[in-house]
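Shown next: structure03.txt, given as compact mmCIF, C-alpha atoms and all ligand atoms.
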# COMPACT_ATOMS: atom_id res chain seq x y z
CA MET K 113 72.66 114.63 59.43
CA VAL K 114 74.85 117.61 60.32
CA VAL K 115 76.98 117.15 63.42
CA LYS K 116 78.83 120.17 64.80
CA ARG K 117 80.80 121.06 67.91
CA TYR K 118 80.34 124.30 69.83
CA THR K 119 82.41 125.64 72.72
CA GLY K 120 81.89 128.38 75.28
CA ASN K 121 82.53 129.29 78.89
CA ASN K 122 79.27 127.82 80.17
CA ILE K 123 76.30 125.73 79.05
CA THR K 124 73.96 128.70 78.56
CA GLU K 125 76.44 130.41 76.25
CA VAL K 126 76.99 127.25 74.18
CA MET K 127 73.25 126.47 73.95
CA ALA K 128 72.63 130.00 72.66
CA LYS K 129 75.26 129.44 69.94
CA ILE K 130 73.65 126.13 68.95
CA LYS K 131 70.18 127.63 68.81
CA SER K 132 71.25 130.55 66.67
CA ASP K 133 73.26 128.34 64.29
CA MET K 134 71.16 125.16 64.04
CA GLY K 135 67.78 126.30 65.23
CA GLY K 136 65.47 124.78 67.81
CA GLU K 137 65.44 121.22 66.37
CA ALA K 138 69.10 120.52 67.11
CA LEU K 139 69.74 117.38 69.18
CA ILE K 140 72.43 117.40 71.89
CA VAL K 141 74.71 114.45 71.28
CA SER K 142 77.38 114.89 73.92
CA GLN K 143 78.84 117.35 76.37
CA ARG K 144 82.31 117.57 77.89
CA LYS K 145 84.93 119.91 79.29
CA VAL K 146 87.88 120.83 77.06
CA ARG K 147 90.99 122.99 77.27
CA LYS K 148 91.21 126.30 75.48
CA GLN K 149 92.61 126.22 71.94
CA GLY K 150 96.33 126.01 71.31
CA LEU K 151 98.96 123.37 71.99
CA TRP K 152 100.61 125.24 74.81
CA GLY K 153 97.47 126.39 76.62
CA LEU K 154 97.63 123.21 78.67
CA PHE K 155 96.93 124.68 82.03
CA SER K 156 94.31 127.19 81.00
CA SER K 157 90.76 127.04 82.33
CA LYS K 158 88.33 124.56 80.78
CA LEU K 159 85.55 125.32 78.29
CA ILE K 160 82.27 123.50 77.78
CA GLU K 161 82.06 121.69 74.46
CA ILE K 162 78.70 120.46 73.20
CA THR K 163 78.24 118.33 70.12
CA ALA K 164 74.88 118.95 68.47
CA ALA K 165 73.25 117.23 65.54
CA LYS K 166 70.52 118.23 63.13
CA GLU K 167 68.84 116.36 60.35
CA GLU K 168 69.66 117.44 56.82
CA LYS K 169 67.40 116.10 54.06
CA THR K 170 69.36 114.37 51.29
CA ARG K 171 68.30 112.06 48.45
CA ASP K 172 69.54 109.11 50.48
CA ASP K 173 67.26 110.08 53.33
CA VAL K 174 64.28 110.10 51.03
CA ASN K 175 65.19 106.64 49.68
CA ILE K 176 65.60 105.19 53.14
CA ASN K 177 62.31 106.71 54.19
CA THR K 178 60.61 104.78 51.43
CA THR K 179 62.26 101.54 52.54
CA SER K 180 61.29 102.09 56.16
CA TYR K 181 57.71 102.68 55.09
CA TYR K 182 57.84 99.29 53.38
CA TYR K 183 59.03 97.57 56.56
CA ASP K 184 56.43 99.38 58.65
CA LYS K 185 53.68 97.94 56.54
CA ARG K 186 55.08 94.40 56.78
CA MET K 187 55.36 94.65 60.55
CA GLY K 188 51.84 95.98 60.76
CA HIS K 189 52.75 99.06 62.85
CA PRO K 190 50.62 102.16 62.68
CA HIS K 191 52.35 103.99 59.91
CA ASN K 192 52.91 107.49 61.32
CA ASN K 193 54.37 106.64 64.74
CA SER K 194 56.62 103.88 63.53
CA ASP K 195 57.84 106.07 60.70
CA LYS K 196 59.05 108.55 63.29
CA THR K 197 60.67 105.80 65.40
CA GLU K 198 62.38 104.31 62.36
CA GLU K 199 63.66 107.72 61.45
CA ILE K 200 65.12 108.32 64.92
CA LEU K 201 66.70 104.86 64.95
CA ARG K 202 68.22 105.47 61.55
CA GLU K 203 69.67 108.79 62.61
CA LEU K 204 71.11 107.18 65.74
CA GLN K 205 72.63 104.43 63.62
CA LYS K 206 74.22 107.01 61.34
CA LEU K 207 75.54 108.91 64.32
CA LYS K 208 76.95 105.71 65.80
CA SER K 209 78.70 104.86 62.52
CA SER K 210 80.16 108.34 62.30
CA ILE K 211 81.41 108.08 65.91
CA ASP K 212 82.82 104.58 65.24
CA GLU K 213 84.47 105.89 62.12
CA SER K 214 86.12 108.79 63.89
CA LYS K 215 87.21 106.49 66.73
CA GLU K 216 88.77 104.16 64.21
CA LYS K 217 90.63 107.06 62.71
CA GLU K 218 91.94 108.10 66.15
CA SER K 219 92.84 104.62 67.17
CA PRO K 220 96.57 104.27 66.24
CA PHE K 221 97.45 107.37 68.25
CA ARG K 222 95.09 106.54 71.11
CA LYS K 223 96.38 102.97 71.11
CA MET K 224 99.93 104.23 71.33
CA LEU K 225 99.12 106.48 74.31
CA THR K 226 97.26 103.63 76.01
CA GLU K 227 100.26 101.34 75.62
CA LEU K 228 102.41 103.91 77.42
CA ASP K 229 100.14 103.40 80.44
CA LEU K 230 99.11 107.03 80.71
CA SER K 231 96.01 107.76 82.77
CA ASP K 232 92.71 107.96 80.85
CA GLU K 233 92.40 111.60 81.84
CA LEU K 234 95.81 112.42 80.42
CA ILE K 235 95.11 110.52 77.20
CA GLU K 236 91.93 112.55 76.65
CA GLU K 237 93.80 115.73 77.43
CA ILE K 238 96.59 114.95 74.96
CA ILE K 239 94.15 113.96 72.20
CA ASN K 240 92.15 117.15 72.75
CA THR K 241 95.30 119.24 72.70
CA VAL K 242 96.28 117.69 69.40
CA LYS K 243 92.79 118.27 67.95
CA GLU K 244 92.64 121.86 69.11
CA GLY K 245 96.19 122.58 68.05
CA ASP K 246 95.28 121.69 64.45
CA ILE K 247 97.92 118.98 64.27
CA THR K 248 97.32 115.66 62.55
CA GLU K 249 97.63 112.62 64.78
CA GLU K 250 100.35 111.23 62.54
CA LYS K 251 102.40 114.34 63.13
CA ALA K 252 101.62 114.23 66.86
CA GLN K 253 102.77 110.63 66.98
CA LYS K 254 106.11 111.60 65.42
CA ASN K 255 106.51 114.54 67.79
CA LEU K 256 105.41 112.73 70.91
CA PRO K 257 108.44 113.74 73.03
CA LYS K 258 107.70 117.40 72.33
CA LEU K 259 104.03 116.84 73.06
CA LEU K 260 104.63 115.09 76.39
CA LYS K 261 107.23 117.50 77.75
CA PRO K 262 104.82 120.25 78.88
CA TYR K 263 103.18 117.76 81.24
CA LEU K 264 106.22 117.31 83.43
CA SER K 265 109.13 119.25 84.86
CA VAL K 266 112.26 118.34 86.79
CA SER K 267 114.27 120.09 89.48
CA SER K 268 117.91 119.29 90.06
CA ARG K 269 118.32 122.09 92.61
CA GLU K 270 120.74 120.82 95.24
CA LEU K 271 119.46 119.90 98.68
CA LYS K 272 120.26 122.33 101.47
CA GLY K 273 118.77 123.31 104.80
CA ASN K 274 115.86 121.28 106.16
CA VAL K 275 114.39 118.84 103.67
CA VAL K 276 111.28 116.77 104.47
CA LEU K 277 110.05 113.59 102.77
CA VAL K 278 106.34 112.78 103.02
CA GLY K 279 104.15 110.20 101.35
CA PRO K 280 102.04 107.07 101.72
CA THR K 281 103.14 104.01 103.69
CA GLY K 282 105.90 101.84 102.29
CA VAL K 283 106.74 103.92 99.21
CA GLY K 284 110.43 104.09 100.18
CA LYS K 285 110.80 107.35 102.16
CA THR K 286 113.25 105.99 104.73
CA THR K 287 115.29 104.11 102.12
CA THR K 288 115.41 107.25 99.94
CA ILE K 289 116.57 109.36 102.93
CA ALA K 290 119.36 106.83 103.51
CA LYS K 291 120.36 107.03 99.83
CA LEU K 292 120.36 110.84 99.90
CA ALA K 293 122.31 110.95 103.17
CA GLY K 294 124.87 108.57 101.64
CA ARG K 295 125.31 110.65 98.50
CA LEU K 296 125.46 113.96 100.35
CA SER K 297 127.92 112.86 103.02
CA LEU K 298 130.10 110.34 101.19
CA ILE K 299 130.19 111.82 97.68
CA ASP K 300 129.42 115.54 98.11
CA LYS K 301 131.25 115.73 101.47
CA LYS K 302 128.42 117.75 103.03
CA SER K 303 127.61 117.70 106.75
CA VAL K 304 124.28 115.90 107.06
CA GLY K 305 121.84 115.45 109.97
CA LEU K 306 118.90 113.07 110.16
CA ILE K 307 115.59 113.52 111.96
CA THR K 308 112.74 111.05 112.07
CA VAL K 309 109.17 111.71 113.12
CA ASP K 310 108.62 108.07 112.33
CA THR K 311 107.52 107.31 115.88
CA TYR K 312 104.69 104.83 115.39
CA ARG K 313 106.85 101.71 115.07
CA ILE K 314 110.14 101.06 116.79
CA GLY K 315 111.39 99.19 113.70
CA ALA K 316 111.08 102.25 111.52
CA VAL K 317 113.27 104.28 113.88
CA GLU K 318 115.86 101.52 114.05
CA GLN K 319 116.03 101.36 110.25
CA LEU K 320 117.26 104.95 109.88
CA LYS K 321 119.31 104.84 113.08
CA THR K 322 121.32 101.95 111.64
CA TYR K 323 122.07 103.91 108.45
CA ALA K 324 123.02 106.98 110.55
CA GLU K 325 125.47 104.89 112.59
CA ILE K 326 127.05 103.33 109.49
CA MET K 327 127.50 106.76 107.90
CA ASN K 328 128.47 108.35 111.20
CA ILE K 329 125.98 111.19 110.99
CA PRO K 330 123.86 112.71 113.80
CA PHE K 331 120.36 111.27 114.19
CA LYS K 332 117.42 112.58 116.23
CA VAL K 333 114.05 111.00 116.96
CA VAL K 334 111.21 113.46 117.29
CA VAL K 335 108.04 112.66 119.24
CA THR K 336 106.58 116.08 120.06
CA LEU K 337 106.56 119.43 118.32
CA LYS K 338 108.94 120.70 120.98
CA ASP K 339 111.34 117.85 120.15
CA MET K 340 111.26 118.98 116.52
CA GLU K 341 112.11 122.54 117.47
CA GLU K 342 115.05 121.34 119.57
CA ALA K 343 116.32 118.84 116.99
CA ILE K 344 116.31 121.53 114.29
CA LYS K 345 118.26 123.84 116.60
CA GLU K 346 120.79 121.15 117.47
CA LEU K 347 121.37 120.26 113.83
CA SER K 348 121.47 123.86 112.60
CA HIS K 349 125.23 123.52 111.90
CA CYS K 350 124.52 120.87 109.21
CA ASP K 351 124.49 121.75 105.51
CA VAL K 352 121.48 119.51 105.04
CA VAL K 353 119.00 118.04 107.56
CA LEU K 354 116.92 115.22 106.08
CA ILE K 355 113.60 114.71 107.87
CA ASP K 356 111.86 111.34 107.57
CA THR K 357 108.16 110.99 108.35
CA THR K 358 105.81 108.09 108.96
CA GLY K 359 103.76 106.95 105.98
CA ARG K 360 100.29 108.44 106.19
CA SER K 361 97.30 107.10 104.38
CA SER K 362 95.94 109.59 101.87
CA LYS K 363 92.49 108.66 103.23
CA ASN K 364 93.36 109.90 106.71
CA SER K 365 93.33 113.69 106.60
CA MET K 366 93.78 113.86 110.41
CA GLN K 367 97.13 112.10 110.17
CA ILE K 368 98.19 114.39 107.35
CA SER K 369 97.30 117.59 109.20
CA GLU K 370 99.10 116.28 112.29
CA LEU K 371 102.19 115.97 110.12
CA ARG K 372 101.71 119.51 108.93
CA ALA K 373 102.38 120.82 112.45
CA PHE K 374 105.76 119.00 112.51
CA ILE K 375 106.67 120.36 109.07
CA ASP K 376 105.74 123.89 110.14
CA LYS K 377 108.01 123.54 113.17
CA SER K 378 110.87 122.35 110.96
CA LYS K 379 110.46 125.56 108.88
CA SER K 380 111.32 123.49 105.82
CA LYS K 381 110.71 125.04 102.43
CA ASP K 382 111.69 121.88 100.55
CA ILE K 383 109.07 119.18 100.95
CA HIS K 384 109.29 116.16 98.66
CA LEU K 385 106.22 114.01 98.08
CA VAL K 386 107.38 110.43 97.65
CA ILE K 387 105.18 108.24 95.49
CA SER K 388 105.75 104.81 94.01
CA ALA K 389 105.78 104.22 90.24
CA GLY K 390 103.54 101.22 90.95
CA THR K 391 100.67 103.40 92.18
CA LYS K 392 97.32 102.95 90.40
CA ASP K 393 96.06 105.96 88.41
CA LYS K 394 93.04 106.52 90.65
CA ASP K 395 95.21 106.42 93.77
CA VAL K 396 97.68 108.88 92.22
CA VAL K 397 94.96 111.51 92.04
CA ASN K 398 93.85 110.87 95.64
CA ILE K 399 97.39 110.97 97.04
CA ILE K 400 98.31 114.12 95.14
CA GLU K 401 95.16 115.85 96.42
CA ALA K 402 95.37 114.61 100.02
CA TYR K 403 98.98 115.72 100.43
CA LYS K 404 98.41 119.18 98.90
CA THR K 405 97.78 120.54 102.40
CA LEU K 406 101.46 119.85 103.14
CA ALA K 407 102.47 122.19 100.28
CA TYR K 408 105.00 119.79 98.77
CA THR K 409 107.45 121.45 96.44
CA ARG K 410 108.94 118.47 94.57
CA LEU K 411 108.28 114.83 93.76
CA ILE K 412 110.31 111.68 94.24
CA VAL K 413 109.10 108.73 92.18
CA THR K 414 110.29 105.41 93.65
CA LYS K 415 110.46 101.76 92.63
CA LEU K 416 110.87 102.35 88.91
CA ASP K 417 112.65 98.99 88.85
CA GLU K 418 109.38 97.29 89.74
CA THR K 419 107.37 98.43 86.69
CA MET K 420 107.70 97.87 82.96
CA THR K 421 105.98 101.11 81.88
CA TYR K 422 106.65 104.57 83.23
CA GLY K 423 103.59 106.48 81.98
CA VAL K 424 102.54 106.92 85.61
CA ILE K 425 105.41 109.40 86.06
CA LEU K 426 103.67 111.70 83.60
CA SER K 427 100.31 111.23 85.32
CA ILE K 428 101.89 111.98 88.72
CA ALA K 429 103.79 115.04 87.50
CA ASN K 430 100.77 116.38 85.62
CA ALA K 431 98.48 115.95 88.61
CA ALA K 432 100.93 117.39 91.16
CA LYS K 433 102.18 120.32 89.03
CA VAL K 434 105.53 120.31 90.83
CA PRO K 435 108.88 119.10 89.44
CA VAL K 436 110.40 115.65 89.88
CA SER K 437 113.61 115.82 91.95
CA TYR K 438 114.66 112.15 92.09
CA ILE K 439 113.73 108.73 90.82
CA THR K 440 114.73 105.58 92.68
CA THR K 441 115.51 102.34 90.95
CA GLY K 442 116.08 99.64 93.55
CA GLN K 443 116.76 98.75 97.17
CA ASN K 444 120.51 99.35 97.20
CA VAL K 445 121.66 102.19 99.45
CA PRO K 446 123.05 104.58 98.30
CA GLU K 447 123.34 103.54 94.63
CA ASP K 448 119.76 103.21 93.41
CA ILE K 449 118.77 106.86 93.03
CA GLN K 450 119.02 109.28 90.09
CA VAL K 451 118.48 112.97 89.39
CA PRO K 452 116.55 112.71 86.11
CA THR K 453 116.55 115.14 83.23
CA LYS K 454 113.29 115.90 81.47
CA ASP K 455 114.62 114.20 78.32
CA LYS K 456 115.50 111.07 80.27
CA LEU K 457 112.01 110.86 81.81
CA VAL K 458 110.31 111.35 78.45
CA ARG K 459 112.53 108.68 76.89
CA LEU K 460 111.70 106.31 79.74
CA ILE K 461 107.99 106.97 79.31
CA LEU K 462 108.28 106.37 75.56
CA LYS K 463 110.26 103.16 76.23
CA GLU K 464 113.21 104.58 74.28
CA ASP K 465 115.55 104.31 77.27
CA ASN K 466 116.10 102.14 80.31
CA LEU K 467 117.03 102.84 83.92
CA CYS K 468 120.81 102.48 83.55
N1 LIG K 501 112.32 97.73 94.36
C1 LIG K 501 112.47 98.80 95.09
N2 LIG K 501 112.21 98.74 96.40
C2 LIG K 501 112.39 99.88 97.14
C3 LIG K 501 112.80 101.09 96.56
N3 LIG K 501 112.85 102.02 97.55
C4 LIG K 501 112.48 101.39 98.68
N4 LIG K 501 112.20 100.10 98.44
C5 LIG K 501 111.75 99.06 99.37
O1 LIG K 501 110.43 99.35 99.80
C6 LIG K 501 110.24 98.88 101.12
C7 LIG K 501 109.70 100.01 101.99
O2 LIG K 501 110.69 101.01 102.07
P1 LIG K 501 110.74 102.09 103.24
O3 LIG K 501 111.88 103.00 102.93
O4 LIG K 501 110.72 101.44 104.56
O5 LIG K 501 109.36 102.82 102.96
P2 LIG K 501 108.75 104.02 103.81
O6 LIG K 501 108.06 104.93 102.84
O7 LIG K 501 109.76 104.62 104.69
O8 LIG K 501 107.65 103.22 104.66
P3 LIG K 501 106.87 103.75 105.96
O9 LIG K 501 107.86 104.42 106.84
O10 LIG K 501 106.31 102.51 106.53
O11 LIG K 501 105.80 104.66 105.46
C8 LIG K 501 111.59 98.36 101.59
O12 LIG K 501 111.61 96.98 101.42
C9 LIG K 501 112.58 99.02 100.63
O13 LIG K 501 113.75 98.28 100.45
C10 LIG K 501 113.06 101.12 95.15
O14 LIG K 501 113.44 102.14 94.54
N5 LIG K 501 112.86 99.94 94.48
MG MG K 502 109.81 104.86 106.77

Translate this file's structure into structure tokens.
Amino acid sequence: MVVKRYTGNNITEVMAKIKSDMGGEALIVSQRKVRKQGLWGLFSSKLIEITAAKEEKTRDDVNINTTSYYYDKRMGHPHNNSDKTEEILRELQKLKSSIDESKEKESPFRKMLTELDLSDELIEEIINTVKEGDITEEKAQKNLPKLLKPYLSVSSRELKGNVVLVGPTGVGKTTTIAKLAGRLSLIDKKSVGLITVDTYRIGAVEQLKTYAEIMNIPFKVVVTLKDMEEAIKELSHCDVVLIDTTGRSSKNSMQISELRAFIDKSKSKDIHLVISAGTKDKDVVNIIEAYKTLAYTRLIVTKLDETMTYGVILSIANAAKVPVSYITTGQNVPEDIQVPTKDKLVRLILKEDNLC
């Protein structure tokens, strides 16, 4: 049995390659999308990869054929048909063993990536990158930090002007705004203003108002778009205006587009998507997609103190394709927030570092 992989830009192109190389009897074993060759071509467009198989007569095949003939006779099947069936079954068995074998070979590296709690999609992507980059998995395992780095970026650019935090319910937006306001006003000695469009529940407004009073910084509640315009004008003397928003479900696109109008009015160019490190992989993808209409520019990953593995940071950053600005590590205001470096995040993901 000869098993070969072929790639091309589309199925027709790949099928033509298979036909010209293996002839018309080739069997299609599997089909998938892969990245273009090269370790650093991570964000390039995808190719179609088809694995095709074709029988190759060997002495072993002939021997097995004889054996199968023997069994056919014992089972009393009509010889010709069952011979064909046996042959197909045998080929499938061989194919299965060769797949099992290659899986076994991959397993230490795959196992390692799985233990880091990376999303399945990311694991496949990393394994493909390694394969296509002509690197052995042992080498990849040793160079994992280097391999993971292209999937995430960080941004330590200081906050100035109007800064908005958006994200699902309860991820820690208001708490993070309080932490940022504390750092900016108490440590950096900046003039800070707070706005909340968190108008659905009185409690949520009170939460930020209390922090604003403690820190003695101006605080505005915004209900309409006109309110937003006025609040922005009134706080235009501030170095930084932090804008808190109500948590919106990623399933409710109406709520998200409603928020968009408020963000447009704020004229903010710095929109941070806040997402919890405890988010499930499937939800990460949905949130990242649903919030894209708000054109977020950076990511804040919260509640790192509540998880044991940080692979989700890589999945979030890879899906969002924007840099991480902050990570938060607890409920204490203003202490539990950090500006991470890329090295720190990779070390956290690889469990080579802790949050302190
Ligand atoms: N463990 C932990 N808890 C946090 C962190 N950040 C926020 N919290 C807690 O998470 C809960 C929700 O925080 P909020 O700041 O109210 O979340 P929110 O995103 O503003 O919520 P909504 O306005 O309802 O969408 C609170 O109990 C916070 O104390 C963190 O980094 N770690
Ligand atoms: Mg809130």

Item to check | Contacts to ligand MG 502 (chain K) at 7 Å cut-off (all atoms listed in the file) as a PyMOL selection string | outcome: chain K and resi 282+284-286+310+316+356-359

Next on the checklist: For a quick check of understanding, using all atoms listed in the file, which of K:Ala429, K:Asp376, K:Gly273, K:Met113 has the smallest distance to Ser209 of chain K?
Outcome noted: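 The shortest atom-to-atom distance to Ser209 of chain K comes from K:Met113.
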
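The space separating atom CA of Lys321 of chain K from atom CA of Lys404 of chain K comes to 29.0 Å.
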
Checklist entry - Which residues, protein or nucleic acid, reach to within 12 Å of (101.4, 117.6, 86.9) in the file's coordinates when using only C-alpha atoms, and can you give that as a PyMOL selection string? => result chain K and resi 154-155+231+233-234+260-266+396-397+400-401+409-411+424-436

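Among the candidate residues K:Ala324, K:Val276, K:Leu256, K:Leu207, the one lying nearest to His384 of chain K is K:Val276, with distances computed using only C-alpha atoms.
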
Next on the checklist: Please report the interatomic distance between atom CA of Ile368 of chain K and atom C10 of ligand LIG 501 (chain K) in Å with one decimal.
Outcome noted: 23.4 Å

Item to check | Neighbour residues at most 12 Å from (116.3, 119.0, 117.5) (only C-alpha atoms) as a ChimeraX atom specification | outcome: /K:274,305-309,330-350,353,355,374,377-378

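Atom CA of Ser369 of chain K to atom CA of Asn398 of chain K spans 15.5 Å [interatomic distance, one decimal].
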
Box centre and edge lengths (Å, one decimal), axis-aligned, segment 432-450 of chain K plus 6 Å each side, as AutoDock Vina command-line options:
--center_x 112.1 --center_y 109.5 --center_z 94.2 --size_x 34.4 --size_y 33.6 --size_z 22.4

Item to check | Pick from K:Glu198, K:Ala165, K:Glu203, K:Thr241, whichever lies nearest to Val146 of chain K using only C-alpha atoms | outcome: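 The answer is K:Thr241, which sits nearest to Val146 of chain K.
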
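Distances to Thr391 of chain K were evaluated for K:Pro280, K:Gly135, K:Gly245, K:Pro257 using all atoms listed in the file, and the minimum falls at K:Pro280.
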
Checklist entry - Of the candidates K:Ile162, K:Leu371, K:Ile439, K:Val352, which one gets nearest to Gly294 of chain K if we count only C-alpha atoms? => result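 Between K:Ile162, K:Leu371, K:Ile439, K:Val352, the residue approaching Gly294 of chain K most closely is K:Val352.
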
Next on the checklist: as a list in words, please: the residues near Leu296 of chain K (cut-off 12 Å, only C-alpha atoms, same-chain neighbours under 3 positions excluded).
Outcome noted: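 Residues meeting the cut-off are Glu270, Leu271, Lys272, Ile289, Ala290, Lys291, Leu292, Ala293, Ile299, Asp300, Lys301, Lys302, Ser303, Val304, Gly305, Leu306, Met327, Ile329, Cys350, Asp351, Val352, Val353, Leu354 and Pro446 of chain K.
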
Next on the checklist: I'd like to know which of K:Thr287, K:Asn121, K:Asn255, K:Thr197 is closest to ligand LIG 501 (chain K), using only C-alpha atoms and all ligand atoms.
Outcome noted: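 Among K:Thr287, K:Asn121, K:Asn255, K:Thr197, it is K:Thr287 that comes nearest to ligand LIG 501 (chain K).
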